[in-house]
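Colleague: Take a look at this one; I'll ask things after.
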Amino acid sequence: MDTASTHGDNFVFGIGSATDVNASASGTMDVENDAPADERAGTDEEEEEEDEEEDLVEDDLIMLTRALTNERAAPDILEYEGTALENLMELVDFQLKRISTQPALVANILKMDVDRVKYLVRSYLRTRLYKIEQHARHYTNDPIYRERLSQNELDYANGFVELGDKHIRSSFLDQLPPHLRDMNESNIRGLDMVPKPDLDSAVFCKVRTNVGEFQFEAR
């Protein structure tokens with residue numbers, strides 16, 4: 001009889017018979033009841049470690065999903081979820097290496113999981129890149145927003161601003177008088193040349209914990 005046993009994500013296939021499983025009837029050790037204590041302890045520790053790893057992966061998925069939802073709803077760019085993103089990308093790389101060594105059914109399941117995680121990561125990064133392109137100069141000028149960007153995002157924003165400046169100057173700005181070439185000034189009526197996100201726009205939020213009475217600050 002062909003038998004197959006699973007342990008976590010690993011599938012182990014072998015050939016056996018019904019008498020092999022119940023070998024204790026002929027005097028050999030009962031696998032289920034009489035296994036050495038150190039072996040049972042080792043198995044329990046491995047299962048606990050796998051459960052902890054699964055919980056960590058689940059936490060990273062929840063965190064990045066929530067970050068994507070918040071990023072899409074917020075008018076300005078939020079803090080970069082670097083830790084969860086790096087953990088999930090490591091998981092993707094690990095699963096991609098395993099897919100080729102797994103049976104077809106398992107490989108398809110792993111591939112679906114990998115595709116879901118990659119879609120989540122791409123959506124999160126594309127949402128942030130869109131915001132950066134909309135207000136690149138503002139984000140690079142403001143130290144608070146600079147802290148919210150990853151190093152790659154900051155490099156991209158600086159490069160985006162530099163390319164835009166070169167295009168504008170070569171197109172028409174260099175033809176204007178020197179005192180009209182500044183692209184960062186504000187006039188006496190408070191109109192700023194640098195576009196900023198509308199922090200007064202309406203957003204939808206969900207209260208996850210009871211904080212009692214709370215008063216928003218007046219703007």
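Chain labels A, B, ... are given in the sequence in which chains occur in the structure tokens; within each chain residues are numbered consecutively from 1, and ligands are likewise numbered from 1 in the order shown.
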Quick one: residues within 10 Å of region 133-137 of chain A, only C-alpha atoms counted, chain neighbours fewer than 6 positions away excluded, as a PyMOL selection string?
Modeller: chain A and resi 76-77+154+156-162+164+183-184+194-197
Colleague: What does the file look like for those residues with N, CA, C and O atoms, as a PDB file, in the first residue's frame?
Modeller:
```pdb
ATOM      1  N   ASP A  76      -1.877  61.892   2.080  1.00  0.00           N
ATOM      2  CA  ASP A  76      -0.426  62.020   1.975  1.00  0.00           C
ATOM      3  C   ASP A  76       0.222  60.664   2.193  1.00  0.00           C
ATOM      4  O   ASP A  76      -0.444  59.681   2.539  1.00  0.00           O
ATOM      5  N   ILE A  77       1.522  60.609   1.991  1.00  0.00           N
ATOM      6  CA  ILE A  77       2.232  59.330   2.095  1.00  0.00           C
ATOM      7  C   ILE A  77       2.462  58.996   3.563  1.00  0.00           C
ATOM      8  O   ILE A  77       2.715  59.883   4.386  1.00  0.00           O
ATOM      9  N   LEU A 154      13.299  57.517  -1.670  1.00  0.00           N
ATOM     10  CA  LEU A 154      13.894  58.853  -1.607  1.00  0.00           C
ATOM     11  C   LEU A 154      14.778  59.109  -2.817  1.00  0.00           C
ATOM     12  O   LEU A 154      14.752  60.210  -3.401  1.00  0.00           O
ATOM     13  N   TYR A 156      14.431  57.714  -5.723  1.00  0.00           N
ATOM     14  CA  TYR A 156      13.522  57.865  -6.859  1.00  0.00           C
ATOM     15  C   TYR A 156      12.909  59.260  -6.884  1.00  0.00           C
ATOM     16  O   TYR A 156      12.812  59.896  -7.949  1.00  0.00           O
ATOM     17  N   ALA A 157      12.476  59.755  -5.719  1.00  0.00           N
ATOM     18  CA  ALA A 157      11.868  61.086  -5.651  1.00  0.00           C
ATOM     19  C   ALA A 157      12.869  62.170  -6.048  1.00  0.00           C
ATOM     20  O   ALA A 157      12.530  63.102  -6.792  1.00  0.00           O
ATOM     21  N   ASN A 158      14.101  62.069  -5.557  1.00  0.00           N
ATOM     22  CA  ASN A 158      15.118  63.054  -5.921  1.00  0.00           C
ATOM     23  C   ASN A 158      15.400  63.026  -7.420  1.00  0.00           C
ATOM     24  O   ASN A 158      15.535  64.080  -8.059  1.00  0.00           O
ATOM     25  N   GLY A 159      15.492  61.826  -7.982  1.00  0.00           N
ATOM     26  CA  GLY A 159      15.717  61.716  -9.414  1.00  0.00           C
ATOM     27  C   GLY A 159      14.541  62.242 -10.226  1.00  0.00           C
ATOM     28  O   GLY A 159      14.727  62.875 -11.274  1.00  0.00           O
ATOM     29  N   PHE A 160      13.334  61.996  -9.730  1.00  0.00           N
ATOM     30  CA  PHE A 160      12.129  62.486 -10.414  1.00  0.00           C
ATOM     31  C   PHE A 160      12.110  64.015 -10.430  1.00  0.00           C
ATOM     32  O   PHE A 160      11.790  64.643 -11.454  1.00  0.00           O
ATOM     33  N   VAL A 161      12.451  64.642  -9.296  1.00  0.00           N
ATOM     34  CA  VAL A 161      12.493  66.104  -9.224  1.00  0.00           C
ATOM     35  C   VAL A 161      13.580  66.656 -10.135  1.00  0.00           C
ATOM     36  O   VAL A 161      13.374  67.660 -10.838  1.00  0.00           O
ATOM     37  N   GLU A 162      14.735  66.014 -10.138  1.00  0.00           N
ATOM     38  CA  GLU A 162      15.843  66.490 -10.971  1.00  0.00           C
ATOM     39  C   GLU A 162      15.490  66.429 -12.455  1.00  0.00           C
ATOM     40  O   GLU A 162      15.764  67.375 -13.209  1.00  0.00           O
ATOM     41  N   GLY A 164      12.462  66.496 -13.739  1.00  0.00           N
ATOM     42  CA  GLY A 164      11.442  67.512 -13.993  1.00  0.00           C
ATOM     43  C   GLY A 164      12.039  68.909 -14.094  1.00  0.00           C
ATOM     44  O   GLY A 164      11.635  69.708 -14.957  1.00  0.00           O
ATOM     45  N   MET A 183      11.502  77.830  -8.417  1.00  0.00           N
ATOM     46  CA  MET A 183      10.303  76.987  -8.443  1.00  0.00           C
ATOM     47  C   MET A 183       9.834  76.601  -7.045  1.00  0.00           C
ATOM     48  O   MET A 183       8.955  75.747  -6.890  1.00  0.00           O
ATOM     49  N   ASN A 184      10.402  77.209  -6.014  1.00  0.00           N
ATOM     50  CA  ASN A 184      10.041  76.855  -4.639  1.00  0.00           C
ATOM     51  C   ASN A 184       9.469  78.028  -3.847  1.00  0.00           C
ATOM     52  O   ASN A 184       9.225  77.899  -2.658  1.00  0.00           O
ATOM     53  N   VAL A 194       4.874  74.896  -5.036  1.00  0.00           N
ATOM     54  CA  VAL A 194       5.063  73.453  -4.871  1.00  0.00           C
ATOM     55  C   VAL A 194       3.729  72.822  -4.481  1.00  0.00           C
ATOM     56  O   VAL A 194       3.179  73.139  -3.418  1.00  0.00           O
ATOM     57  N   PRO A 195       3.170  71.945  -5.295  1.00  0.00           N
ATOM     58  CA  PRO A 195       1.890  71.302  -4.932  1.00  0.00           C
ATOM     59  C   PRO A 195       2.049  70.397  -3.718  1.00  0.00           C
ATOM     60  O   PRO A 195       3.049  69.709  -3.567  1.00  0.00           O
ATOM     61  N   LYS A 196       1.030  70.415  -2.858  1.00  0.00           N
ATOM     62  CA  LYS A 196       1.049  69.622  -1.636  1.00  0.00           C
ATOM     63  C   LYS A 196      -0.214  68.759  -1.567  1.00  0.00           C
ATOM     64  O   LYS A 196      -1.239  69.117  -2.151  1.00  0.00           O
ATOM     65  N   PRO A 197      -0.159  67.664  -0.849  1.00  0.00           N
ATOM     66  CA  PRO A 197      -1.386  66.858  -0.676  1.00  0.00           C
ATOM     67  C   PRO A 197      -2.418  67.616   0.136  1.00  0.00           C
ATOM     68  O   PRO A 197      -2.067  68.392   1.036  1.00  0.00           O
TER      69      PRO A 197
END
```
Colleague: What gap, in Å, lies between CA of Arg208 (chain A) and CA of Ser123 (chain A)?
Modeller: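 About the pair CA of Arg208 (chain A) and CA of Ser123 (chain A): they are 23.7 Å apart.
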Colleague: Please list as a ChimeraX atom specification every residue within 9 Å of Leu78 (chain A), counting only C-alpha atoms and excluding residues in the same chain fewer than 2 positions away.
Modeller: /A:67,70-71,74,76,80-81,128,145,148-149
Colleague: Restricting the output to N, CA, C and O atoms, write the selected residues as a compact mmCIF listing (two decimals), in the first residue's frame.
Modeller:
```
# COMPACT_ATOMS: atom_id res chain seq x y z
N ALA A 67 -1.61 48.26 5.73
CA ALA A 67 -0.83 49.40 5.24
C ALA A 67 -1.29 49.82 3.85
O ALA A 67 -1.35 51.02 3.54
N ASN A 70 -4.64 51.67 4.23
CA ASN A 70 -4.43 53.01 4.77
C ASN A 70 -3.76 53.93 3.74
O ASN A 70 -4.09 55.12 3.65
N GLU A 71 -2.82 53.37 2.99
CA GLU A 71 -2.10 54.18 2.01
C GLU A 71 -3.04 54.67 0.92
O GLU A 71 -2.93 55.81 0.45
N ALA A 74 -5.35 57.49 2.62
CA ALA A 74 -4.74 58.70 3.15
C ALA A 74 -4.38 59.68 2.03
O ALA A 74 -3.94 59.26 0.96
N ASP A 76 -1.88 61.89 2.08
CA ASP A 76 -0.43 62.02 1.97
C ASP A 76 0.22 60.66 2.19
O ASP A 76 -0.44 59.68 2.54
N TYR A 80 6.72 53.95 5.85
CA TYR A 80 7.07 52.80 5.02
C TYR A 80 7.14 51.54 5.87
O TYR A 80 7.86 51.51 6.88
N GLU A 81 6.38 50.52 5.48
CA GLU A 81 6.37 49.25 6.22
C GLU A 81 7.49 48.35 5.71
O GLU A 81 7.25 47.35 5.03
N ARG A 128 2.41 53.95 -3.37
CA ARG A 128 3.36 54.92 -2.82
C ARG A 128 4.10 55.67 -3.93
O ARG A 128 4.32 56.89 -3.82
N TYR A 145 8.47 64.17 5.85
CA TYR A 145 8.11 63.21 4.81
C TYR A 145 9.33 62.43 4.33
O TYR A 145 9.21 61.27 3.91
N ARG A 148 9.65 59.32 6.15
CA ARG A 148 8.64 58.29 5.87
C ARG A 148 8.99 57.45 4.65
O ARG A 148 8.38 56.40 4.44
N LEU A 149 9.93 57.92 3.85
CA LEU A 149 10.28 57.22 2.62
C LEU A 149 11.42 56.24 2.88
O LEU A 149 12.29 56.49 3.71
```
Colleague: What is the distance, in Å and to one decimal place, between CA of Leu110 (chain A) and CA of Phe94 (chain A)?
Modeller: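 For CA of Leu110 (chain A) relative to CA of Phe94 (chain A), the distance reads 10.6 Å.
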Colleague: At what distance in Å, to one decimal, does CA of Tyr139 (chain A) lie from CA of Pro75 (chain A)?
Modeller: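 Result for CA of Pro75 (chain A) versus CA of Tyr139 (chain A): 12.8 Å, one decimal.
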Colleague: Excluding same-chain residues fewer than 5 positions from Asp115 (chain A), what lies within 12 Å of it counting only C-alpha atoms, as a short mmCIF file (atom, residue, chain, number, x, y, z; two decimals) with N, CA and C atoms, in the first residue's frame?
Modeller:
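Writing the result to result_31.cif gives the following:
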```
data_model
loop_
_atom_site.label_atom_id
_atom_site.label_comp_id
_atom_site.auth_asym_id
_atom_site.auth_seq_id
_atom_site.Cartn_x
_atom_site.Cartn_y
_atom_site.Cartn_z
N LEU A 88 8.15 39.36 3.78
CA LEU A 88 7.32 38.71 2.76
C LEU A 88 8.12 38.44 1.49
N MET A 89 9.03 39.32 1.13
CA MET A 89 9.84 39.08 -0.06
C MET A 89 10.81 37.91 0.16
N LEU A 91 10.07 35.38 2.04
CA LEU A 91 9.19 34.22 1.94
C LEU A 91 8.93 33.88 0.47
N VAL A 92 8.71 34.89 -0.37
CA VAL A 92 8.48 34.66 -1.80
C VAL A 92 9.69 33.99 -2.43
N ASP A 93 10.89 34.48 -2.14
CA ASP A 93 12.11 33.87 -2.69
C ASP A 93 12.26 32.42 -2.25
N GLN A 95 9.82 30.32 -1.29
CA GLN A 95 8.80 29.48 -1.89
C GLN A 95 9.07 29.25 -3.38
N LEU A 96 9.62 30.24 -4.07
CA LEU A 96 9.94 30.06 -5.49
C LEU A 96 11.00 28.98 -5.68
N ASN A 108 1.26 24.04 -7.39
CA ASN A 108 0.21 24.97 -7.79
C ASN A 108 -0.29 25.78 -6.60
N ILE A 109 -0.42 25.13 -5.45
CA ILE A 109 -0.87 25.84 -4.25
C ILE A 109 0.15 26.87 -3.83
N LEU A 110 1.42 26.48 -3.83
CA LEU A 110 2.48 27.42 -3.47
C LEU A 110 2.53 28.59 -4.43
N LEU A 120 0.08 41.83 -3.63
CA LEU A 120 -0.05 42.74 -2.49
C LEU A 120 1.15 43.68 -2.42
N VAL A 121 2.35 43.13 -2.60
CA VAL A 121 3.56 43.96 -2.54
C VAL A 121 3.58 44.98 -3.67
N ARG A 122 3.25 44.54 -4.88
CA ARG A 122 3.25 45.47 -6.02
C ARG A 122 2.22 46.58 -5.84
#
```
